Structure formats: C-alpha cells, structure tokens
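Participant: target21.txt is reproduced in full below (compact mmCIF, N, CA and C atoms).
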```
# COMPACT_ATOMS: atom_id res chain seq x y z
N MET I 1 37.55 98.90 23.87
CA MET I 1 36.71 98.38 22.81
C MET I 1 35.27 98.85 23.05
N PRO I 2 34.59 99.44 22.04
CA PRO I 2 33.21 99.86 22.21
C PRO I 2 32.31 98.68 22.50
N VAL I 3 31.23 98.94 23.24
CA VAL I 3 30.29 97.88 23.60
C VAL I 3 29.76 97.19 22.37
N GLN I 4 29.45 97.92 21.32
CA GLN I 4 28.90 97.35 20.11
C GLN I 4 29.81 96.27 19.52
N ASP I 5 31.11 96.41 19.67
CA ASP I 5 32.05 95.43 19.13
C ASP I 5 32.00 94.10 19.88
N THR I 6 31.45 94.09 21.09
CA THR I 6 31.41 92.87 21.87
C THR I 6 30.09 92.12 21.74
N ILE I 7 29.11 92.71 21.07
CA ILE I 7 27.82 92.07 20.87
C ILE I 7 27.92 91.10 19.69
N PRO I 8 27.57 89.83 19.90
CA PRO I 8 27.64 88.87 18.79
C PRO I 8 26.73 89.29 17.64
N ASP I 9 27.14 89.01 16.45
CA ASP I 9 26.37 89.33 15.25
C ASP I 9 25.46 88.16 14.92
N TYR I 10 24.36 88.03 15.67
CA TYR I 10 23.45 86.90 15.51
C TYR I 10 22.84 86.83 14.12
N GLU I 11 22.78 87.94 13.42
CA GLU I 11 22.20 87.96 12.09
C GLU I 11 23.03 87.19 11.07
N HIS I 12 24.30 86.96 11.37
CA HIS I 12 25.18 86.28 10.42
C HIS I 12 25.80 85.01 11.00
N MET I 13 25.15 84.42 12.00
CA MET I 13 25.66 83.19 12.59
C MET I 13 24.87 82.01 12.05
N PRO I 14 25.53 80.94 11.74
CA PRO I 14 26.93 80.65 12.00
C PRO I 14 27.83 81.33 10.97
N ALA I 15 28.95 81.79 11.44
CA ALA I 15 29.91 82.49 10.59
C ALA I 15 30.43 81.55 9.51
N GLY I 16 30.69 82.11 8.35
CA GLY I 16 31.27 81.33 7.26
C GLY I 16 30.28 80.52 6.45
N VAL I 17 29.00 80.61 6.78
CA VAL I 17 27.97 79.88 6.03
C VAL I 17 27.33 80.86 5.05
N PRO I 18 27.30 80.52 3.77
CA PRO I 18 26.67 81.43 2.80
C PRO I 18 25.19 81.63 3.15
N MET I 19 24.74 82.89 3.13
CA MET I 19 23.36 83.20 3.46
C MET I 19 22.78 84.16 2.44
N ASP I 20 21.50 83.95 2.16
CA ASP I 20 20.81 84.92 1.31
C ASP I 20 20.09 85.93 2.21
N GLU I 21 19.40 86.86 1.60
CA GLU I 21 18.70 87.91 2.33
C GLU I 21 17.70 87.33 3.33
N THR I 22 17.03 86.26 2.95
CA THR I 22 16.04 85.65 3.83
C THR I 22 16.70 85.03 5.05
N ASP I 23 17.82 84.35 4.87
CA ASP I 23 18.56 83.78 6.01
C ASP I 23 18.90 84.86 7.03
N VAL I 24 19.39 85.98 6.56
CA VAL I 24 19.77 87.08 7.45
C VAL I 24 18.53 87.66 8.12
N SER I 25 17.43 87.78 7.40
CA SER I 25 16.20 88.34 7.96
C SER I 25 15.65 87.47 9.08
N VAL I 26 15.67 86.15 8.90
CA VAL I 26 15.19 85.24 9.95
C VAL I 26 16.05 85.40 11.19
N ARG I 27 17.35 85.46 11.02
CA ARG I 27 18.26 85.59 12.16
C ARG I 27 18.11 86.95 12.84
N ALA I 28 17.88 87.98 12.04
CA ALA I 28 17.65 89.32 12.60
C ALA I 28 16.35 89.31 13.42
N TYR I 29 15.33 88.66 12.91
CA TYR I 29 14.06 88.54 13.65
C TYR I 29 14.30 87.86 14.99
N LEU I 30 15.00 86.75 15.00
CA LEU I 30 15.26 86.02 16.25
C LEU I 30 16.13 86.83 17.20
N SER I 31 17.05 87.62 16.67
CA SER I 31 17.95 88.39 17.53
C SER I 31 17.20 89.45 18.34
N ARG I 32 16.01 89.81 17.88
CA ARG I 32 15.23 90.83 18.59
C ARG I 32 14.27 90.23 19.62
N LEU I 33 14.19 88.91 19.71
CA LEU I 33 13.30 88.28 20.70
C LEU I 33 13.99 88.25 22.06
N ALA I 34 13.21 88.44 23.09
CA ALA I 34 13.74 88.48 24.46
C ALA I 34 14.20 87.09 24.91
N ASP I 35 15.24 87.07 25.72
CA ASP I 35 15.77 85.81 26.24
C ASP I 35 14.71 85.02 26.99
N ASP I 36 13.87 85.70 27.79
CA ASP I 36 12.87 84.97 28.56
C ASP I 36 11.83 84.32 27.65
N HIS I 37 11.50 84.97 26.55
CA HIS I 37 10.57 84.36 25.59
C HIS I 37 11.23 83.15 24.92
N LEU I 38 12.46 83.32 24.48
CA LEU I 38 13.17 82.23 23.82
C LEU I 38 13.35 81.04 24.75
N ALA I 39 13.56 81.30 26.02
CA ALA I 39 13.79 80.22 26.99
C ALA I 39 12.54 79.36 27.19
N GLN I 40 11.38 79.82 26.79
CA GLN I 40 10.15 79.04 26.90
C GLN I 40 10.06 77.94 25.85
N TYR I 41 10.83 78.06 24.78
CA TYR I 41 10.74 77.11 23.68
C TYR I 41 11.03 75.68 24.15
N GLU I 42 10.21 74.75 23.67
CA GLU I 42 10.39 73.34 23.99
C GLU I 42 10.60 72.54 22.72
N LEU I 43 11.66 71.77 22.69
CA LEU I 43 11.99 70.95 21.54
C LEU I 43 10.86 69.97 21.20
N THR I 44 10.09 69.55 22.19
CA THR I 44 9.04 68.55 22.00
C THR I 44 7.74 69.13 21.47
N TRP I 45 7.64 70.44 21.35
CA TRP I 45 6.42 71.05 20.84
C TRP I 45 6.13 70.61 19.41
N THR I 46 4.86 70.54 19.09
CA THR I 46 4.45 70.31 17.70
C THR I 46 4.72 71.59 16.90
N ASP I 47 4.69 71.46 15.59
CA ASP I 47 4.86 72.64 14.75
C ASP I 47 3.80 73.70 15.06
N ASP I 48 2.56 73.26 15.27
CA ASP I 48 1.49 74.21 15.59
C ASP I 48 1.77 74.94 16.90
N GLN I 49 2.29 74.24 17.90
CA GLN I 49 2.63 74.87 19.17
C GLN I 49 3.74 75.91 19.00
N VAL I 50 4.73 75.59 18.17
CA VAL I 50 5.82 76.55 17.92
C VAL I 50 5.26 77.79 17.22
N MET I 51 4.39 77.59 16.24
CA MET I 51 3.81 78.74 15.53
C MET I 51 2.97 79.59 16.48
N ASP I 52 2.22 78.96 17.38
CA ASP I 52 1.43 79.71 18.37
C ASP I 52 2.34 80.47 19.33
N TRP I 53 3.40 79.81 19.80
CA TRP I 53 4.36 80.44 20.72
C TRP I 53 5.00 81.66 20.08
N ASP I 54 5.40 81.51 18.82
CA ASP I 54 6.06 82.63 18.13
C ASP I 54 5.06 83.73 17.80
N GLY I 55 3.90 83.35 17.31
CA GLY I 55 2.86 84.33 17.01
C GLY I 55 3.08 85.16 15.76
N ASN I 56 4.03 84.78 14.92
CA ASN I 56 4.34 85.58 13.73
C ASN I 56 4.30 84.73 12.46
N PHE I 57 3.41 83.76 12.44
CA PHE I 57 3.26 82.91 11.26
C PHE I 57 1.97 83.25 10.53
N ARG I 58 2.04 83.20 9.22
CA ARG I 58 0.86 83.46 8.39
C ARG I 58 -0.03 82.22 8.36
N LEU I 59 -1.23 82.38 7.85
CA LEU I 59 -2.16 81.27 7.76
C LEU I 59 -1.65 80.15 6.86
N ASP I 60 -0.75 80.47 5.92
CA ASP I 60 -0.21 79.44 5.04
C ASP I 60 0.93 78.65 5.69
N GLY I 61 1.27 78.98 6.95
CA GLY I 61 2.28 78.23 7.68
C GLY I 61 3.70 78.75 7.55
N ASN I 62 3.88 79.87 6.89
CA ASN I 62 5.20 80.47 6.73
C ASN I 62 5.37 81.66 7.66
N LEU I 63 6.62 81.90 8.06
CA LEU I 63 6.94 83.01 8.94
C LEU I 63 6.64 84.33 8.23
N MET I 64 6.04 85.27 8.95
CA MET I 64 5.71 86.56 8.38
C MET I 64 6.94 87.47 8.44
N LEU I 65 7.59 87.62 7.32
CA LEU I 65 8.73 88.52 7.16
C LEU I 65 8.47 89.40 5.95
N VAL I 66 8.96 90.62 5.99
CA VAL I 66 8.79 91.51 4.85
C VAL I 66 10.09 91.61 4.06
N CYS I 67 9.93 91.88 2.79
CA CYS I 67 11.08 92.11 1.89
C CYS I 67 12.08 90.95 1.92
N VAL I 68 11.60 89.74 1.75
CA VAL I 68 12.48 88.58 1.69
C VAL I 68 12.32 87.89 0.34
N GLU I 69 13.31 87.10 -0.02
CA GLU I 69 13.35 86.45 -1.32
C GLU I 69 12.51 85.17 -1.39
N ARG I 70 12.28 84.55 -0.23
CA ARG I 70 11.57 83.26 -0.22
C ARG I 70 10.84 83.10 1.10
N ASP I 71 9.94 82.14 1.13
CA ASP I 71 9.19 81.84 2.36
C ASP I 71 10.04 81.00 3.30
N VAL I 72 9.77 81.14 4.60
CA VAL I 72 10.42 80.35 5.64
C VAL I 72 9.35 79.51 6.30
N ASP I 73 9.42 78.20 6.11
CA ASP I 73 8.44 77.31 6.71
C ASP I 73 8.86 76.93 8.13
N ILE I 74 8.01 76.19 8.80
CA ILE I 74 8.27 75.84 10.20
C ILE I 74 9.52 74.98 10.37
N LYS I 75 9.79 74.11 9.41
CA LYS I 75 10.98 73.25 9.51
C LYS I 75 12.25 74.11 9.51
N GLU I 76 12.35 75.03 8.57
CA GLU I 76 13.53 75.90 8.52
C GLU I 76 13.58 76.80 9.75
N PHE I 77 12.42 77.33 10.16
CA PHE I 77 12.38 78.19 11.34
C PHE I 77 12.90 77.48 12.57
N ARG I 78 12.44 76.24 12.79
CA ARG I 78 12.89 75.48 13.96
C ARG I 78 14.39 75.25 13.93
N HIS I 79 14.91 74.92 12.77
CA HIS I 79 16.35 74.68 12.63
C HIS I 79 17.14 75.94 12.99
N VAL I 80 16.76 77.06 12.43
CA VAL I 80 17.46 78.32 12.70
C VAL I 80 17.27 78.73 14.16
N LEU I 81 16.05 78.57 14.68
CA LEU I 81 15.77 78.90 16.07
C LEU I 81 16.64 78.09 17.02
N GLU I 82 16.76 76.81 16.80
CA GLU I 82 17.54 75.95 17.69
C GLU I 82 19.03 76.31 17.64
N ASP I 83 19.53 76.62 16.45
CA ASP I 83 20.91 77.11 16.35
C ASP I 83 21.05 78.43 17.13
N HIS I 84 20.07 79.30 16.96
CA HIS I 84 20.10 80.61 17.62
C HIS I 84 20.11 80.45 19.14
N LEU I 85 19.33 79.52 19.65
CA LEU I 85 19.29 79.28 21.10
C LEU I 85 20.66 78.84 21.62
N ARG I 86 21.35 78.03 20.84
CA ARG I 86 22.70 77.61 21.24
C ARG I 86 23.66 78.79 21.21
N PHE I 87 23.60 79.60 20.16
CA PHE I 87 24.49 80.76 20.05
C PHE I 87 24.30 81.72 21.20
N ARG I 88 23.06 81.91 21.62
CA ARG I 88 22.78 82.86 22.70
C ARG I 88 22.91 82.24 24.09
N GLY I 89 23.21 80.96 24.14
CA GLY I 89 23.40 80.30 25.43
C GLY I 89 22.10 80.08 26.19
N ILE I 90 20.98 79.99 25.46
CA ILE I 90 19.68 79.82 26.08
C ILE I 90 19.24 78.37 26.07
N TRP I 91 19.83 77.59 25.18
CA TRP I 91 19.43 76.18 25.02
C TRP I 91 19.52 75.45 26.32
N ARG I 92 18.50 74.70 26.66
CA ARG I 92 18.46 73.92 27.90
C ARG I 92 18.99 72.53 27.67
```
Could you show the structure in this file as structure tokens?
Facilitator:
Amino acid sequence: MPVQDTIPDYEHMPAGVPMDETDVSVRAYLSRLADDHLAQYELTWTDDQVMDWDGNFRLDGNLMLVCVERDVDIKEFRHVLEDHLRFRGIWR
C-alpha cells in the first residue's frame, strides 16, 4: 500500500458529515499545522488567546482563509480545532 493511502484525510473528517467548501478549507488549514504547535493549545484559553496563538485571524475576528463561501468565527474554529486535535491524537 502506498504511503499516501495510509495518511488520514483530515480535510474531510469527520467522515460522513456533509461539508461545504469552507468546512474543507478550515480542516485543510489545520492539517498543515505542526503537531508541536497544535499541542500548545489550551482548552481554557480565552478566544483572544486562541486567536493570538493561531495568528491567522482578521481584525473582524474571523479566520483568514481565501476563496471560501463564508466566514469562520472563533466559536466554529475552536470546535473544528478540538475535533482535529482528537483525530490527530494530540488532545491532552
């Protein structure tokens, strides 16, 4: 089996959940973050602390993504991020 076949498809997790282009883009963004960076995340952080830690939020409080259908606010980002941490086995 090629190595690529064994890499989880984080862009489409959780499997079986309908996703729009923005959902996939957020997951693709998270899939490119390093494990050591992701491991720093603290559930107890304020929204401002999460935005500072990530460093990719606009002044209006939404995640900076290009070519997406809708904005991703901090609440949605945290939800997807926490799921992503579980999928990657980083969650503490």
Participant: For Asp23 of chain I, please output as a PyMOL selection string all residues within 9 Å (counting only C-alpha atoms; exclusion window: fewer than 6 positions along the same chain).
Facilitator: chain I and resi 11-12+68+72+80
Participant: With N, CA and C atoms retained, write the just-selected residues as a compact mmCIF listing (two decimals), keeping the file's coordinate frame.
Facilitator:
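Saved the output as part.txt:
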```txt
# COMPACT_ATOMS: atom_id res chain seq x y z
N GLU I 11 22.78 87.94 13.42
CA GLU I 11 22.20 87.96 12.09
C GLU I 11 23.03 87.19 11.07
N HIS I 12 24.30 86.96 11.37
CA HIS I 12 25.18 86.28 10.42
C HIS I 12 25.80 85.01 11.00
N VAL I 68 11.60 89.74 1.75
CA VAL I 68 12.48 88.58 1.69
C VAL I 68 12.32 87.89 0.34
N VAL I 72 9.77 81.14 4.60
CA VAL I 72 10.42 80.35 5.64
C VAL I 72 9.35 79.51 6.30
N VAL I 80 16.76 77.06 12.43
CA VAL I 80 17.46 78.32 12.70
C VAL I 80 17.27 78.73 14.16
```
Participant: Run DSSP on the backbone and give me the residues of chain I it puts in helix (DSSP H, G or I), as a ChimeraX atom specification.
Facilitator: /I:3-6,10-12,21-31,35-38,47-54,74-87
Participant: Once you have the residues from the selection above, write them out as a CSV table (one decimal), keeping the file's coordinate frame, restricted to N, CA and C atoms.
Facilitator:
```
chain,number,residue,atom,x,y,z
I,3,VAL,N,31.2,98.9,23.2
I,3,VAL,CA,30.3,97.9,23.6
I,3,VAL,C,29.8,97.2,22.4
I,4,GLN,N,29.4,97.9,21.3
I,4,GLN,CA,28.9,97.4,20.1
I,4,GLN,C,29.8,96.3,19.5
I,5,ASP,N,31.1,96.4,19.7
I,5,ASP,CA,32.0,95.4,19.1
I,5,ASP,C,32.0,94.1,19.9
I,6,THR,N,31.4,94.1,21.1
I,6,THR,CA,31.4,92.9,21.9
I,6,THR,C,30.1,92.1,21.7
I,10,TYR,N,24.4,88.0,15.7
I,10,TYR,CA,23.4,86.9,15.5
I,10,TYR,C,22.8,86.8,14.1
I,11,GLU,N,22.8,87.9,13.4
I,11,GLU,CA,22.2,88.0,12.1
I,11,GLU,C,23.0,87.2,11.1
I,12,HIS,N,24.3,87.0,11.4
I,12,HIS,CA,25.2,86.3,10.4
I,12,HIS,C,25.8,85.0,11.0
I,21,GLU,N,19.4,86.9,1.6
I,21,GLU,CA,18.7,87.9,2.3
I,21,GLU,C,17.7,87.3,3.3
I,22,THR,N,17.0,86.3,3.0
I,22,THR,CA,16.0,85.6,3.8
I,22,THR,C,16.7,85.0,5.0
I,23,ASP,N,17.8,84.4,4.9
I,23,ASP,CA,18.6,83.8,6.0
I,23,ASP,C,18.9,84.9,7.0
I,24,VAL,N,19.4,86.0,6.6
I,24,VAL,CA,19.8,87.1,7.4
I,24,VAL,C,18.5,87.7,8.1
I,25,SER,N,17.4,87.8,7.4
I,25,SER,CA,16.2,88.3,8.0
I,25,SER,C,15.6,87.5,9.1
I,26,VAL,N,15.7,86.2,8.9
I,26,VAL,CA,15.2,85.2,10.0
I,26,VAL,C,16.0,85.4,11.2
I,27,ARG,N,17.4,85.5,11.0
I,27,ARG,CA,18.3,85.6,12.2
I,27,ARG,C,18.1,87.0,12.8
I,28,ALA,N,17.9,88.0,12.0
I,28,ALA,CA,17.6,89.3,12.6
I,28,ALA,C,16.4,89.3,13.4
I,29,TYR,N,15.3,88.7,12.9
I,29,TYR,CA,14.1,88.5,13.6
I,29,TYR,C,14.3,87.9,15.0
I,30,LEU,N,15.0,86.8,15.0
I,30,LEU,CA,15.3,86.0,16.2
I,30,LEU,C,16.1,86.8,17.2
I,31,SER,N,17.0,87.6,16.7
I,31,SER,CA,18.0,88.4,17.5
I,31,SER,C,17.2,89.4,18.3
I,35,ASP,N,15.2,87.1,25.7
I,35,ASP,CA,15.8,85.8,26.2
I,35,ASP,C,14.7,85.0,27.0
I,36,ASP,N,13.9,85.7,27.8
I,36,ASP,CA,12.9,85.0,28.6
I,36,ASP,C,11.8,84.3,27.6
I,37,HIS,N,11.5,85.0,26.6
I,37,HIS,CA,10.6,84.4,25.6
I,37,HIS,C,11.2,83.2,24.9
I,38,LEU,N,12.5,83.3,24.5
I,38,LEU,CA,13.2,82.2,23.8
I,38,LEU,C,13.4,81.0,24.8
I,47,ASP,N,4.7,71.5,15.6
I,47,ASP,CA,4.9,72.6,14.8
I,47,ASP,C,3.8,73.7,15.1
I,48,ASP,N,2.6,73.3,15.3
I,48,ASP,CA,1.5,74.2,15.6
I,48,ASP,C,1.8,74.9,16.9
I,49,GLN,N,2.3,74.2,17.9
I,49,GLN,CA,2.6,74.9,19.2
I,49,GLN,C,3.7,75.9,19.0
I,50,VAL,N,4.7,75.6,18.2
I,50,VAL,CA,5.8,76.6,17.9
I,50,VAL,C,5.3,77.8,17.2
I,51,MET,N,4.4,77.6,16.2
I,51,MET,CA,3.8,78.7,15.5
I,51,MET,C,3.0,79.6,16.5
I,52,ASP,N,2.2,79.0,17.4
I,52,ASP,CA,1.4,79.7,18.4
I,52,ASP,C,2.3,80.5,19.3
I,53,TRP,N,3.4,79.8,19.8
I,53,TRP,CA,4.4,80.4,20.7
I,53,TRP,C,5.0,81.7,20.1
I,54,ASP,N,5.4,81.5,18.8
I,54,ASP,CA,6.1,82.6,18.1
I,54,ASP,C,5.1,83.7,17.8
I,74,ILE,N,8.0,76.2,8.8
I,74,ILE,CA,8.3,75.8,10.2
I,74,ILE,C,9.5,75.0,10.4
I,75,LYS,N,9.8,74.1,9.4
I,75,LYS,CA,11.0,73.2,9.5
I,75,LYS,C,12.2,74.1,9.5
I,76,GLU,N,12.4,75.0,8.6
I,76,GLU,CA,13.5,75.9,8.5
I,76,GLU,C,13.6,76.8,9.8
I,77,PHE,N,12.4,77.3,10.2
I,77,PHE,CA,12.4,78.2,11.3
I,77,PHE,C,12.9,77.5,12.6
I,78,ARG,N,12.4,76.2,12.8
I,78,ARG,CA,12.9,75.5,14.0
I,78,ARG,C,14.4,75.2,13.9
I,79,HIS,N,14.9,74.9,12.8
I,79,HIS,CA,16.4,74.7,12.6
I,79,HIS,C,17.1,75.9,13.0
I,80,VAL,N,16.8,77.1,12.4
I,80,VAL,CA,17.5,78.3,12.7
I,80,VAL,C,17.3,78.7,14.2
I,81,LEU,N,16.0,78.6,14.7
I,81,LEU,CA,15.8,78.9,16.1
I,81,LEU,C,16.6,78.1,17.0
I,82,GLU,N,16.8,76.8,16.8
I,82,GLU,CA,17.5,76.0,17.7
I,82,GLU,C,19.0,76.3,17.6
I,83,ASP,N,19.5,76.6,16.4
I,83,ASP,CA,20.9,77.1,16.4
I,83,ASP,C,21.0,78.4,17.1
I,84,HIS,N,20.1,79.3,17.0
I,84,HIS,CA,20.1,80.6,17.6
I,84,HIS,C,20.1,80.4,19.1
I,85,LEU,N,19.3,79.5,19.6
I,85,LEU,CA,19.3,79.3,21.1
I,85,LEU,C,20.7,78.8,21.6
I,86,ARG,N,21.4,78.0,20.8
I,86,ARG,CA,22.7,77.6,21.2
I,86,ARG,C,23.7,78.8,21.2
I,87,PHE,N,23.6,79.6,20.2
I,87,PHE,CA,24.5,80.8,20.0
I,87,PHE,C,24.3,81.7,21.2
```
Participant: So that I can check the surroundings of Met13 of chain I, please list as a VMD selection string every protein, DNA and RNA residue that reaches within 8 Å of it, counting only C-alpha atoms and ignoring chain neighbours fewer than 3 positions away.
Facilitator: chain I and resid 9 to 10 16 to 17 27 84 87
Participant: Go through I:Cys67, I:Trp53, I:Leu81, I:Thr46 and flag the residue nearest Leu30 of chain I, using only C-alpha atoms for the distances.
Facilitator: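 Checking each of I:Cys67, I:Trp53, I:Leu81, I:Thr46 against Leu30 of chain I, counting only C-alpha atoms, the winner is I:Leu81.
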Participant: Any idea what the distance is between atom CA of Leu33 of chain I and atom CA of Asp71 of chain I?
Facilitator: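 The value is 19.9 Å.
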Participant: My list of candidates is I:Arg86, I:Arg70, I:Arg58, I:Arg78. Which is closest to Thr22 of chain I when distances are computed with only C-alpha atoms?
Facilitator: I:Arg70
Participant: To one decimal in Å, tell me the separation between atom CA of Trp45 of chain I and atom CA of Tyr29 of chain I.
Facilitator: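 Those two atoms sit 20.4 Å apart.
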Participant: So, counting only C-alpha atoms, which residue among I:Arg88, I:Leu63, I:Ile74, I:Pro18 is closest to Gln49 of chain I?
Facilitator: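 So, comparing all the options, the nearest one is I:Ile74.
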Participant: Which residue out of I:Thr44, I:Glu82, I:Val66, I:Ala39 has the minimum interatomic distance to Glu21 of chain I when only C-alpha atoms are used?
Facilitator: I:Val66
